[in-house]
file my_file.cif (mmCIF, C-alpha atoms)
data_coords
#
loop_
_atom_site.label_atom_id
_atom_site.label_comp_id
_atom_site.auth_asym_id
_atom_site.auth_seq_id
_atom_site.Cartn_x
_atom_site.Cartn_y
_atom_site.Cartn_z
CA MET A 889 146.22 164.02 238.39
CA GLN A 890 149.10 166.42 237.82
CA ILE A 891 148.63 170.02 236.69
CA ASN A 892 151.00 172.95 236.58
CA VAL A 893 150.11 176.28 238.20
CA ASN A 894 152.41 179.28 237.71
CA GLY A 895 155.32 176.98 236.90
CA GLU A 896 154.80 174.62 239.86
CA ASN A 897 153.47 171.08 239.66
CA LYS A 898 150.34 170.46 241.69
CA GLU A 899 148.17 167.46 242.43
CA CYS A 900 144.45 167.87 241.86
CA SER A 901 141.46 165.56 241.58
CA THR A 902 139.74 164.82 238.28
CA GLU A 903 136.61 166.85 237.46
CA THR A 904 138.12 169.96 239.05
CA SER A 905 136.88 173.17 237.48
CA VAL A 906 138.90 176.38 237.29
CA SER A 907 136.57 177.82 239.98
CA LYS A 908 137.20 174.86 242.28
CA LEU A 909 140.93 175.11 241.82
CA LEU A 910 140.91 178.83 242.60
CA GLU A 911 138.81 178.15 245.68
CA SER A 912 141.25 175.49 246.90
CA LEU A 913 144.11 177.95 246.41
CA ASP A 914 142.12 180.59 248.33
CA ILE A 915 142.16 182.99 245.36
CA ASP A 916 139.28 185.43 244.81
CA ASN A 917 138.30 184.94 241.16
CA ARG A 918 137.27 188.59 240.67
CA TYR A 919 140.80 189.93 240.91
CA ILE A 920 142.74 187.63 238.60
CA ALA A 921 143.30 186.75 234.96
CA VAL A 922 143.68 183.03 234.17
CA GLU A 923 145.41 181.48 231.19
CA LEU A 924 144.91 177.77 230.52
CA ASN A 925 147.36 176.16 228.10
CA HIS A 926 148.29 179.61 226.73
CA LYS A 927 144.70 180.70 226.15
CA ILE A 928 142.85 183.16 228.37
CA VAL A 929 139.78 181.82 230.18
CA PRO A 930 136.88 184.31 230.40
CA ARG A 931 135.49 184.63 233.92
CA THR A 932 132.12 183.41 232.70
CA GLN A 933 133.75 180.03 231.93
CA PHE A 934 135.51 179.49 235.28
CA ASN A 935 132.71 177.19 236.51
CA GLU A 936 132.35 175.04 233.42
CA LYS A 937 136.03 174.72 232.44
CA ILE A 938 137.18 171.30 233.75
CA LEU A 939 140.92 170.75 234.14
CA GLN A 940 142.65 167.85 232.38
CA GLU A 941 145.82 165.94 233.23
CA ASN A 942 148.99 168.01 232.53
CA ASP A 943 147.06 171.25 232.05
CA SER A 944 149.17 174.32 232.54
CA LEU A 945 147.70 177.42 234.20
CA GLU A 946 149.03 180.91 234.63
CA ILE A 947 147.24 183.04 237.21
CA VAL A 948 147.94 186.78 237.31
CA THR A 949 146.70 188.72 240.33
CA PHE A 950 145.56 192.34 240.07
CA VAL A 951 147.99 194.96 241.37
CA GLY A 952 147.00 198.38 242.70
CA GLY A 953 150.23 200.00 243.86
CA GLY A 954 152.32 202.51 241.98
CA MET B 541 168.78 216.19 205.89
CA MET B 542 167.02 216.30 209.24
CA ASP B 543 165.11 219.43 210.20
CA GLN B 544 167.52 221.21 212.65
CA SER B 545 164.74 221.97 215.13
CA LEU B 546 164.40 218.22 215.60
CA GLU B 547 168.07 217.69 216.49
CA ARG B 548 167.35 216.90 220.14
CA TYR B 549 165.13 214.02 219.00
CA SER B 550 167.57 212.81 216.35
CA ARG B 551 168.34 209.50 218.05
CA GLN B 552 164.73 208.36 218.20
CA ILE B 553 164.01 209.72 214.71
CA LEU B 554 166.95 207.64 213.47
CA SER B 555 165.47 204.47 214.96
CA GLN B 556 163.61 202.44 212.40
CA HIS B 557 160.29 202.96 214.23
CA ILE B 558 160.04 206.75 214.46
CA GLY B 559 160.80 209.05 211.56
CA GLU B 560 160.37 212.82 211.25
CA GLU B 561 156.67 212.51 210.51
CA CYS B 562 155.99 210.50 213.67
CA GLN B 563 158.12 212.90 215.69
CA LYS B 564 155.98 215.80 214.54
CA VAL B 565 152.84 213.91 215.51
CA LEU B 566 154.30 213.31 218.98
CA MET B 567 155.11 217.01 219.31
CA ASP B 568 151.50 217.79 218.57
CA SER B 569 150.17 215.29 221.15
CA ASN B 570 148.65 215.77 224.55
CA ALA B 571 149.27 213.30 227.38
CA VAL B 572 147.87 213.30 230.91
CA VAL B 573 149.80 211.46 233.62
CA VAL B 574 147.57 210.68 236.60
CA GLY B 575 149.70 210.17 239.70
CA CYS B 576 153.35 211.13 239.89
CA GLY B 577 154.95 208.59 242.17
CA ALA B 578 157.21 205.70 241.23
CA LEU B 579 155.49 205.04 237.89
CA GLY B 580 154.54 208.61 236.96
CA THR B 581 158.02 210.03 237.50
CA VAL B 582 159.42 207.44 235.10
CA SER B 583 156.77 207.68 232.37
CA SER B 584 156.57 211.49 232.46
CA SER B 585 160.35 211.76 232.25
CA TYR B 586 160.50 209.63 229.08
CA LEU B 587 157.47 211.34 227.52
CA THR B 588 159.04 214.76 228.14
CA ARG B 589 162.36 213.69 226.65
CA ALA B 590 160.58 212.10 223.68
CA GLY B 591 159.03 215.46 222.83
CA ILE B 592 155.34 214.93 223.59
CA GLY B 593 153.97 218.45 223.07
CA GLN B 594 151.76 218.82 226.11
CA ILE B 595 151.96 216.86 229.33
CA ARG B 596 149.74 217.45 232.33
CA ILE B 597 150.91 215.77 235.53
CA ILE B 598 148.36 215.43 238.28
CA ASP B 599 149.21 214.35 241.81
CA ARG B 600 147.58 214.93 245.20
CA ASP B 601 150.57 214.29 247.43
CA PHE B 602 153.73 215.98 248.64
CA ILE B 603 157.19 214.43 248.65
CA GLU B 604 158.40 212.38 251.58
CA GLU B 605 161.81 210.92 252.30
CA SER B 606 160.61 207.34 251.73
CA ASN B 607 159.68 208.28 248.12
CA LEU B 608 163.28 208.96 247.02
CA GLN B 609 164.15 205.24 246.79
CA ARG B 610 162.12 204.96 243.57
CA GLN B 611 160.51 208.28 242.51
CA ILE B 612 163.29 209.35 240.23
CA LEU B 613 162.40 212.99 239.55
CA PHE B 614 162.64 214.07 243.19
CA ASP B 615 165.52 214.95 245.53
CA GLU B 616 166.24 216.04 249.09
CA ASN B 617 165.93 219.74 248.23
CA ASP B 618 162.33 219.19 247.11
CA ILE B 619 161.52 217.77 250.54
CA ALA B 620 163.28 220.65 252.30
CA GLU B 621 161.16 223.04 250.22
CA GLY B 622 158.01 221.09 251.08
CA LEU B 623 157.03 220.70 247.45
CA PRO B 624 154.02 218.79 246.17
CA LYS B 625 154.99 216.08 243.68
CA ALA B 626 153.22 217.70 240.73
CA ILE B 627 155.09 220.99 241.22
CA ALA B 628 158.51 219.37 241.72
CA ALA B 629 157.90 217.24 238.61
CA GLN B 630 156.87 220.27 236.57
CA ARG B 631 160.06 222.13 237.57
CA LYS B 632 162.35 219.19 236.74
CA LEU B 633 160.66 218.34 233.46
CA ARG B 634 160.71 221.95 232.21
CA LYS B 635 164.48 221.94 232.78
CA ILE B 636 164.74 218.73 230.76
CA ASN B 637 162.72 219.97 227.79
CA ASN B 638 161.66 223.58 227.65
CA ASN B 639 159.92 223.03 224.30
CA ALA B 640 157.31 220.82 225.90
CA ASN B 641 154.33 222.38 227.59
CA ILE B 642 154.48 220.80 231.05
CA GLU B 643 151.82 221.52 233.61
CA GLY B 644 151.74 220.15 237.15
CA VAL B 645 148.36 220.13 238.91
CA VAL B 646 148.11 219.50 242.65
CA THR B 647 144.80 217.77 243.15
CA ASP B 648 143.05 214.45 243.66
CA VAL B 649 141.57 213.10 240.44
CA ASN B 650 137.97 212.13 241.09
CA TYR B 651 134.60 211.87 239.35
CA ALA B 652 133.96 215.59 239.83
CA ASN B 653 137.09 216.84 238.07
CA ILE B 654 138.37 214.11 235.73
CA GLU B 655 136.57 215.52 232.72
CA GLU B 656 137.92 219.04 233.20
CA LEU B 657 141.45 217.70 233.81
CA SER B 658 141.49 215.23 230.92
CA LYS B 659 139.14 216.44 228.22
CA ASP B 660 141.90 217.35 225.75
CA ALA B 661 143.97 214.24 226.40
CA ASP B 662 145.05 212.05 223.48
CA ILE B 663 146.14 209.47 226.04
CA ILE B 664 146.11 208.96 229.81
CA ILE B 665 149.01 207.27 231.60
CA ASP B 666 148.23 205.55 234.88
CA GLY B 667 150.63 206.45 237.67
CA THR B 668 148.17 206.14 240.52
CA ASP B 669 148.59 204.15 243.72
CA ASN B 670 145.06 202.84 244.16
CA PHE B 671 142.38 200.74 242.47
CA GLU B 672 139.59 203.30 242.68
CA THR B 673 141.27 205.94 240.52
CA ARG B 674 142.12 203.28 237.93
CA PHE B 675 138.48 202.22 237.59
CA LEU B 676 137.56 205.90 237.36
CA ILE B 677 140.10 206.41 234.55
CA ASN B 678 138.75 203.27 232.85
CA ASP B 679 135.16 204.56 232.97
CA PHE B 680 136.17 208.00 231.72
CA CYS B 681 138.37 206.70 228.91
CA VAL B 682 135.90 204.10 227.63
CA LYS B 683 133.08 206.66 227.71
CA ASN B 684 135.14 209.29 225.89
CA ASN B 685 137.08 206.96 223.60
CA ILE B 686 140.53 207.89 224.94
CA PRO B 687 143.30 205.26 225.18
CA TRP B 688 144.95 204.70 228.55
CA ILE B 689 147.86 202.65 229.81
CA TYR B 690 147.31 200.71 233.01
CA GLY B 691 150.45 200.20 235.06
CA ALA B 692 150.91 199.10 238.67
CA CYS B 693 153.55 197.60 240.92
CA ILE B 694 153.94 196.10 244.37
CA GLY B 695 156.83 194.25 245.97
CA SER B 696 158.93 192.95 243.09
CA ARG B 697 155.97 192.51 240.74
CA GLY B 698 154.44 194.82 238.16
CA LEU B 699 151.57 194.69 235.66
CA THR B 700 150.72 196.71 232.59
CA MET B 701 148.22 196.60 229.74
CA ASN B 702 146.90 198.99 227.11
CA ILE B 703 143.24 199.92 227.00
CA VAL B 704 142.25 201.28 223.61
CA PRO B 705 138.46 201.67 223.61
CA SER B 706 136.67 199.61 220.93
CA LYS B 707 139.97 197.94 219.96
CA THR B 708 140.99 196.15 223.16
CA PRO B 709 139.19 194.79 226.24
CA CYS B 710 138.98 197.34 229.05
CA LEU B 711 140.24 197.03 232.63
CA ARG B 712 136.90 195.63 233.85
CA CYS B 713 136.86 192.97 231.11
CA VAL B 714 140.01 191.58 232.74
CA PHE B 715 139.50 192.43 236.42
CA GLU B 716 135.86 192.46 237.42
CA THR B 717 135.88 194.96 240.21
CA MET B 718 137.78 196.84 242.84
CA PRO B 719 139.11 194.89 245.82
CA GLN B 720 137.81 196.07 249.19
CA MET B 721 140.00 198.72 250.76
CA GLY B 722 142.58 197.11 253.01
CA THR B 723 142.35 193.59 251.54
CA PHE B 724 145.17 194.07 249.03
CA PRO B 725 148.75 195.10 249.75
CA THR B 726 149.90 198.63 248.87
CA CYS B 727 153.43 200.02 248.46
CA ASP B 728 153.04 201.50 251.95
CA THR B 729 152.23 198.14 253.51
CA ALA B 730 154.15 195.62 251.38
CA GLY B 731 156.98 197.75 250.04
CA VAL B 732 158.31 197.90 246.49
CA ILE B 733 161.61 197.19 244.77
CA GLY B 734 162.40 200.47 242.97
CA PRO B 735 163.44 199.12 239.54
CA ILE B 736 160.11 197.31 238.94
CA ALA B 737 158.49 200.76 238.76
CA GLY B 738 161.24 201.82 236.34
CA ILE B 739 160.45 198.86 234.09
CA ILE B 740 156.65 199.23 234.16
CA GLY B 741 156.83 203.04 233.79
CA SER B 742 159.19 202.62 230.83
CA ILE B 743 156.85 200.16 229.11
CA GLN B 744 153.95 202.54 229.71
CA ALA B 745 155.89 205.43 228.12
CA THR B 746 156.84 203.26 225.13
CA GLU B 747 153.24 202.13 224.60
CA ALA B 748 152.04 205.73 224.86
CA ILE B 749 154.57 206.78 222.22
CA LYS B 750 153.43 203.98 219.88
CA ILE B 751 149.74 204.81 220.27
CA LEU B 752 150.25 208.59 220.00
CA ALA B 753 152.41 208.11 216.90
CA GLY B 754 149.59 206.11 215.30
CA LYS B 755 151.53 202.84 215.42
CA TYR B 756 148.72 200.88 217.04
CA GLU B 757 149.69 197.73 215.15
CA SER B 758 152.92 197.62 217.17
CA ALA B 759 151.24 198.24 220.52
CA ASN B 760 151.15 195.60 223.26
CA LYS B 761 147.96 193.48 223.12
CA THR B 762 148.70 191.45 226.25
CA LEU B 763 148.56 191.71 230.01
CA ILE B 764 152.22 191.81 231.01
CA GLU B 765 153.39 190.66 234.41
CA ILE B 766 157.03 191.11 235.38
CA ASP B 767 158.71 189.97 238.58
CA VAL B 768 162.16 191.52 238.94
CA TRP B 769 163.13 189.35 241.88
CA ASP B 770 162.27 186.01 240.26
CA THR B 771 163.37 187.51 236.91
CA LYS B 772 160.21 186.32 235.19
CA VAL B 773 158.11 187.85 232.46
CA LYS B 774 154.61 186.58 231.72
CA GLN B 775 152.36 187.73 228.90
CA ILE B 776 148.70 186.77 228.63
CA ASP B 777 146.94 187.49 225.36
CA ILE B 778 143.72 189.20 226.49
CA SER B 779 142.36 190.12 223.05
CA GLU B 780 139.87 187.22 223.15
CA LEU B 781 138.09 188.80 226.14
CA MET B 782 136.84 191.59 223.89
CA GLY B 783 133.04 191.54 224.23
CA LEU B 784 133.02 188.07 225.83
CA ASN B 785 132.29 188.91 229.43
CA ASP B 786 129.26 191.12 230.00
CA CYS B 787 131.54 194.00 230.85
CA PRO B 788 129.56 196.71 232.68
CA THR B 789 131.82 199.40 231.26
CA CYS B 790 132.66 198.69 227.63
CA LYS B 791 129.74 196.40 226.77
CA LEU B 792 126.85 197.67 228.90
CA HIS B 793 128.11 201.28 229.01
CA THR B 794 127.41 201.85 232.68
CA TYR B 795 129.99 204.09 234.33
CA LYS B 796 129.47 203.75 238.07
CA PHE B 797 132.84 205.25 238.99
CA LEU B 798 131.93 208.45 237.15
CA GLU B 799 128.57 208.85 238.85
CA ALA B 800 128.28 211.92 240.98
CA GLU B 801 127.71 211.87 244.67
CA ASP B 802 127.19 215.06 246.58
CA GLY B 803 129.05 216.59 249.43
CA VAL B 804 132.27 215.57 251.05
CA MET B 805 134.49 212.84 249.62
CA VAL B 806 136.64 210.90 252.06
CA THR B 807 139.35 208.46 251.04
CA LEU B 808 141.37 206.22 253.31
CA LEU B 809 145.04 206.51 252.35
CA CYS B 810 145.82 202.88 252.85
CA GLY B 811 148.77 201.98 255.06
CA LYS B 812 149.42 205.59 256.04
CA ASN B 813 147.06 205.98 259.01
CA ALA B 814 145.63 208.96 257.17
CA VAL B 815 142.42 210.04 255.47
CA GLN B 816 141.97 212.48 252.61
CA VAL B 817 138.95 214.75 252.84
CA MET B 818 137.74 216.82 249.92
CA SER B 819 134.64 218.93 249.56
CA ARG B 820 132.92 219.29 246.22
CA ASN B 821 131.89 222.80 247.08
CA ILE B 822 135.28 224.17 248.09
CA SER B 823 138.02 225.33 245.80
CA ASN B 824 140.71 228.01 245.79
CA ILE B 825 141.36 228.37 249.50
CA ASP B 826 143.43 231.35 250.60
CA LEU B 827 146.14 229.63 252.66
CA VAL B 828 147.39 232.94 254.13
CA GLN B 829 143.95 233.74 255.53
CA LEU B 830 143.55 230.22 256.80
CA ALA B 831 146.95 230.37 258.55
CA LYS B 832 145.85 233.53 260.39
CA ARG B 833 142.59 231.90 261.41
CA LEU B 834 144.34 228.82 262.79
CA ALA B 835 147.24 230.63 264.49
CA SER B 836 145.38 230.80 267.83
CA ILE B 837 144.90 227.03 268.12
CA SER B 838 148.10 225.59 266.65
CA ASP B 839 151.52 226.21 265.22
CA VAL B 840 150.95 226.65 261.51
CA SER B 841 153.55 226.23 258.77
CA SER B 842 152.78 226.93 255.16
CA ASN B 843 154.11 227.70 251.72
CA GLU B 844 152.24 228.62 248.54
CA PHE B 845 151.31 224.96 247.93
CA MET B 846 150.14 223.75 251.33
CA LEU B 847 149.53 224.50 254.96
CA LYS B 848 150.25 222.23 257.91
CA PHE B 849 148.98 222.32 261.46
CA LYS B 850 148.55 219.84 264.29
CA VAL B 851 145.81 219.42 266.85
CA LYS B 852 146.49 216.72 269.45
CA ASP B 853 147.34 213.53 267.50
CA ASN B 854 146.03 214.72 264.16
CA GLU B 855 148.24 216.50 261.67
CA PHE B 856 146.40 218.38 258.92
CA THR B 857 147.86 219.19 255.53
CA VAL B 858 145.59 221.55 253.63
CA PHE B 859 145.90 222.28 249.91
CA PRO B 860 144.56 225.29 247.98
CA ASP B 861 142.02 223.05 246.19
CA GLY B 862 140.22 222.56 249.51
CA ARG B 863 141.60 219.13 250.12
CA ALA B 864 143.05 218.04 253.45
CA ILE B 865 145.06 215.01 254.43
CA ILE B 866 144.52 214.20 258.09
CA THR B 867 146.93 211.81 259.76
CA GLY B 868 146.41 209.94 263.01
CA THR B 869 143.12 208.33 262.02
CA ASN B 870 141.86 205.55 259.79
CA ASP B 871 138.23 206.38 260.41
CA LEU B 872 136.43 208.17 257.61
CA ASN B 873 133.79 209.76 259.83
CA THR B 874 136.31 210.97 262.40
CA ALA B 875 138.27 212.59 259.58
CA LYS B 876 135.12 214.17 258.18
CA SER B 877 134.23 215.73 261.51
CA LEU B 878 137.80 216.93 262.13
CA TYR B 879 137.69 218.57 258.71
CA SER B 880 134.50 220.46 259.43
CA LYS B 881 135.62 221.29 262.98
CA TYR B 882 138.91 222.97 262.09
CA LEU B 883 138.43 223.96 258.49
CA GLY B 884 134.77 224.84 258.87
CA MET B 885 133.76 223.82 255.40
#

call {"tool": "encode", "arguments": {"input": "my_file.cif", "output": "structure tokens"}}
result
Amino acid sequence: MQINVNGENKECSTETSVSKLLESLDIDNRYIAVELNHKIVPRTQFNEKILQENDSLEIVTFVGGG
Amino acid sequence: MMDQSLERYSRQILSQHIGEECQKVLMDSNAVVVGCGALGTVSSSYLTRAGIGQIRIIDRDFIEESNLQRQILFDENDIAEGLPKAIAAQRKLRKINNNANIEGVVTDVNYANIEELSKDADIIIDGTDNFETRFLINDFCVKNNIPWIYGACIGSRGLTMNIVPSKTPCLRCVFETMPQMGTFPTCDTAGVIGPIAGIIGSIQATEAIKILAGKYESANKTLIEIDVWDTKVKQIDISELMGLNDCPTCKLHTYKFLEAEDGVMVTLLCGKNAVQVMSRNISNIDLVQLAKRLASISDVSSNEFMLKFKVKDNEFTVFPDGRAIITGTNDLNTAKSLYSKYLGM
């Protein structure tokens, strides 16, 4: 199915959780904030939140410079 | 008729958001800016011009040529004079607004001194260049109920969010923990486009002004991400995270970054091939005496703010607070032993 991650269309299998998606993108889930369809997803729900067709995700990665 | 003593602030008083009453509150406020690099030079400049009554600027570093691309308070003369950032910033900002009480402090903010340096703060502005100090500020601010403004940038990308204890989620509600040293890019390894720091620092100053003026209802409640190269702005509403995750800081009230450890603190200055060494037990070093002591083993150069000497491949910069930055090594233990060998502390 099609989803959208940070403005780019991506193909992913059904029954993919947020955790699985992050893993496949090689993103460490401790250092990011995730918004799914304009609503923030608490880290405690990354495993149980299953993505649906046409879902839109925004992933913001922690920054430490300054 | 506007009070004549407020003339210099007339343009912001005239704006619909800040009247004379708010201006007076700002002039009675106390802000602490931790870190005076790309972000801190921008935020402290706006806060000084806006008439914040007391501003303490804390920075551990001295100015280098590669800073001038984005650290807008500094110039070539400051480098020629060998000035620490906090002192150069203090001098510039006092020229900009002599009514404000500006104090530059040359030190590393850590668990041992954050309370002393920040206890009177109405707000803390993040201008640091590392994760560890941000988690320390988060622990301190949540514990002491002081708002702080997270801001950071790398490459063309910047982030900012407000942390207002008991009103917003804290830093650890959003980002669980500190990345391992060396696994994330820093400005020294990945570079930074100057204006992103200008944008993030400006937002931080604006948010500080709103919160200090008591206009919390207008304050940003989102995590803002801006990329100046892709020209994109993203805002994530984080208010729903409040109390949802089992946050160790604001829900469980454990403050591991504030916990004391004894002895010598060593910090890798990422991307610089340098280590900072600081001893808890040392303060107020007499640099003149130290220069005399070291004269037999090395050429020593010093001013009232720091002393430099070189032994083989390691250059030492020693500050009066007992801190030393040792270049030519990335190894914490090597740096520790070099520190005790040549500084005997």

call {"tool": "interface_residues", "arguments": {"input": "my_file.cif", "of": "chain B", "to": "chain A", "cutoff": "10 Å", "atoms": "all atoms listed in the file", "output": "ChimeraX atom specification"}}
result
/B:575-580,666-674,690-695,697-700,712-719,724-728,730-732,736-737,740-741,763-765,774-782,784-786

call {"tool": "write_last_selection", "arguments": {"input": "my_file.cif", "atoms": "C-alpha atoms", "output": "compact mmCIF listing (two decimals), in the coordinates of the input"}}
result
# COMPACT_ATOMS: atom_id res chain seq x y z
CA GLY B 575 149.70 210.17 239.70
CA CYS B 576 153.35 211.13 239.89
CA GLY B 577 154.95 208.59 242.17
CA ALA B 578 157.21 205.70 241.23
CA LEU B 579 155.49 205.04 237.89
CA GLY B 580 154.54 208.61 236.96
CA ASP B 666 148.23 205.55 234.88
CA GLY B 667 150.63 206.45 237.67
CA THR B 668 148.17 206.14 240.52
CA ASP B 669 148.59 204.15 243.72
CA ASN B 670 145.06 202.84 244.16
CA PHE B 671 142.38 200.74 242.47
CA GLU B 672 139.59 203.30 242.68
CA THR B 673 141.27 205.94 240.52
CA ARG B 674 142.12 203.28 237.93
CA TYR B 690 147.31 200.71 233.01
CA GLY B 691 150.45 200.20 235.06
CA ALA B 692 150.91 199.10 238.67
CA CYS B 693 153.55 197.60 240.92
CA ILE B 694 153.94 196.10 244.37
CA GLY B 695 156.83 194.25 245.97
CA ARG B 697 155.97 192.51 240.74
CA GLY B 698 154.44 194.82 238.16
CA LEU B 699 151.57 194.69 235.66
CA THR B 700 150.72 196.71 232.59
CA ARG B 712 136.90 195.63 233.85
CA CYS B 713 136.86 192.97 231.11
CA VAL B 714 140.01 191.58 232.74
CA PHE B 715 139.50 192.43 236.42
CA GLU B 716 135.86 192.46 237.42
CA THR B 717 135.88 194.96 240.21
CA MET B 718 137.78 196.84 242.84
CA PRO B 719 139.11 194.89 245.82
CA PHE B 724 145.17 194.07 249.03
CA PRO B 725 148.75 195.10 249.75
CA THR B 726 149.90 198.63 248.87
CA CYS B 727 153.43 200.02 248.46
CA ASP B 728 153.04 201.50 251.95
CA ALA B 730 154.15 195.62 251.38
CA GLY B 731 156.98 197.75 250.04
CA VAL B 732 158.31 197.90 246.49
CA ILE B 736 160.11 197.31 238.94
CA ALA B 737 158.49 200.76 238.76
CA ILE B 740 156.65 199.23 234.16
CA GLY B 741 156.83 203.04 233.79
CA LEU B 763 148.56 191.71 230.01
CA ILE B 764 152.22 191.81 231.01
CA GLU B 765 153.39 190.66 234.41
CA LYS B 774 154.61 186.58 231.72
CA GLN B 775 152.36 187.73 228.90
CA ILE B 776 148.70 186.77 228.63
CA ASP B 777 146.94 187.49 225.36
CA ILE B 778 143.72 189.20 226.49
CA SER B 779 142.36 190.12 223.05
CA GLU B 780 139.87 187.22 223.15
CA LEU B 781 138.09 188.80 226.14
CA MET B 782 136.84 191.59 223.89
CA LEU B 784 133.02 188.07 225.83
CA ASN B 785 132.29 188.91 229.43
CA ASP B 786 129.26 191.12 230.00

call {"tool": "atom_distance", "arguments": {"input": "my_file.cif", "atom1": "CA of Ile597 (chain B)", "atom2": "CA of Leu808 (chain B)"}}
result
22.3 Å

call {"tool": "closest_residue", "arguments": {"input": "my_file.cif", "among": "B:Glu855, B:Asp679, B:Glu757, B:Asp861", "to": "Lys796 (chain B)", "atoms": "only C-alpha atoms"}}
result
B:Asp679

call {"tool": "closest_residue", "arguments": {"input": "my_file.cif", "among": "B:Gly622, B:Gly738, B:Gly559, B:Gly868", "to": "Ser585 (chain B)", "atoms": "only C-alpha atoms"}}
result
B:Gly738

call {"tool": "residues_around", "arguments": {"input": "my_file.cif", "residues": "Ala745 (chain B)", "least_positions_apart": "6", "cutoff": "12 Å", "atoms": "all atoms listed in the file", "output": "NGL selection string"}}
result
:B and (571-573 or 579-592 or 663-667 or 688-691 or 700-702 or 737-739 or 751-752 or 759-760)

call {"tool": "atom_distance", "arguments": {"input": "my_file.cif", "atom1": "CA of Ile825 (chain B)", "atom2": "CA of Val858 (chain B)"}}
result
9.0 Å

call {"tool": "residues_around", "arguments": {"input": "my_file.cif", "residues": "region 936-942 of chain A", "least_positions_apart": "4", "cutoff": "7 Å", "atoms": "only C-alpha atoms", "output": "number ranges by chain"}}
result
A: 889-892, 903-906

call {"tool": "resolve_selection", "arguments": {"input": "my_file.cif", "expression": "the PyMOL selection byres ((chain B and resi 813) around 6)", "output": "PyMOL selection string"}}
result
chain B and resi 811-812+814+867-870

call {"tool": "resolve_selection", "arguments": {"input": "my_file.cif", "expression": "the PyMOL selection byres ((chain B and resi 635-644) around 9)", "output": "count of residues only"}}
result
25

call {"tool": "resolve_selection", "arguments": {"input": "my_file.cif", "expression": "the PyMOL selection byres ((chain B and resi 681) around 10)", "output": "VMD selection string"}}
result
chain B and resid 655 658 to 659 661 663 to 664 675 to 680 682 to 688 703 to 705 710 790

call {"tool": "decode", "arguments": {"input": "my_file.cif", "residues": "region 897-911 of chain A", "atoms": "N, CA and C atoms", "output": "PDB file, in the first residue's frame"}}
result
ATOM      1  N   ASN A 897       6.088   9.837  -1.297  1.00  0.00           N
ATOM      2  CA  ASN A 897       5.313   8.601  -1.337  1.00  0.00           C
ATOM      3  C   ASN A 897       6.219   7.397  -1.149  1.00  0.00           C
ATOM      4  N   LYS A 898       5.710   6.446  -0.358  1.00  0.00           N
ATOM      5  CA  LYS A 898       6.481   5.220  -0.115  1.00  0.00           C
ATOM      6  C   LYS A 898       5.550   4.031  -0.192  1.00  0.00           C
ATOM      7  N   GLU A 899       6.126   2.905  -0.579  1.00  0.00           N
ATOM      8  CA  GLU A 899       5.365   1.652  -0.632  1.00  0.00           C
ATOM      9  C   GLU A 899       5.636   0.910   0.679  1.00  0.00           C
ATOM     10  N   CYS A 900       4.601   0.420   1.341  1.00  0.00           N
ATOM     11  CA  CYS A 900       4.860  -0.436   2.493  1.00  0.00           C
ATOM     12  C   CYS A 900       3.789  -1.509   2.601  1.00  0.00           C
ATOM     13  N   SER A 901       4.130  -2.619   3.255  1.00  0.00           N
ATOM     14  CA  SER A 901       3.194  -3.735   3.330  1.00  0.00           C
ATOM     15  C   SER A 901       2.101  -3.441   4.363  1.00  0.00           C
ATOM     16  N   THR A 902       0.975  -4.128   4.218  1.00  0.00           N
ATOM     17  CA  THR A 902      -0.100  -3.958   5.198  1.00  0.00           C
ATOM     18  C   THR A 902       0.378  -4.506   6.537  1.00  0.00           C
ATOM     19  N   GLU A 903      -0.271  -4.129   7.606  1.00  0.00           N
ATOM     20  CA  GLU A 903       0.080  -4.574   8.966  1.00  0.00           C
ATOM     21  C   GLU A 903       1.454  -4.065   9.406  1.00  0.00           C
ATOM     22  N   THR A 904       1.899  -2.968   8.806  1.00  0.00           N
ATOM     23  CA  THR A 904       3.172  -2.381   9.250  1.00  0.00           C
ATOM     24  C   THR A 904       2.903  -1.416  10.398  1.00  0.00           C
ATOM     25  N   SER A 905       3.622  -1.619  11.493  1.00  0.00           N
ATOM     26  CA  SER A 905       3.480  -0.689  12.620  1.00  0.00           C
ATOM     27  C   SER A 905       4.438   0.487  12.435  1.00  0.00           C
ATOM     28  N   VAL A 906       4.242   1.526  13.231  1.00  0.00           N
ATOM     29  CA  VAL A 906       5.158   2.669  13.189  1.00  0.00           C
ATOM     30  C   VAL A 906       6.575   2.191  13.490  1.00  0.00           C
ATOM     31  N   SER A 907       6.713   1.316  14.516  1.00  0.00           N
ATOM     32  CA  SER A 907       8.038   0.768  14.867  1.00  0.00           C
ATOM     33  C   SER A 907       8.695   0.081  13.673  1.00  0.00           C
ATOM     34  N   LYS A 908       7.912  -0.772  13.002  1.00  0.00           N
ATOM     35  CA  LYS A 908       8.449  -1.515  11.845  1.00  0.00           C
ATOM     36  C   LYS A 908       8.903  -0.559  10.748  1.00  0.00           C
ATOM     37  N   LEU A 909       8.088   0.431  10.498  1.00  0.00           N
ATOM     38  CA  LEU A 909       8.442   1.401   9.460  1.00  0.00           C
ATOM     39  C   LEU A 909       9.753   2.102   9.804  1.00  0.00           C
ATOM     40  N   LEU A 910       9.871   2.545  11.062  1.00  0.00           N
ATOM     41  CA  LEU A 910      11.082   3.243  11.489  1.00  0.00           C
ATOM     42  C   LEU A 910      12.297   2.324  11.334  1.00  0.00           C
ATOM     43  N   GLU A 911      12.101   1.065  11.702  1.00  0.00           N
ATOM     44  CA  GLU A 911      13.175   0.086  11.581  1.00  0.00           C
ATOM     45  C   GLU A 911      13.612  -0.053  10.121  1.00  0.00           C
TER      46      GLU A 911
END
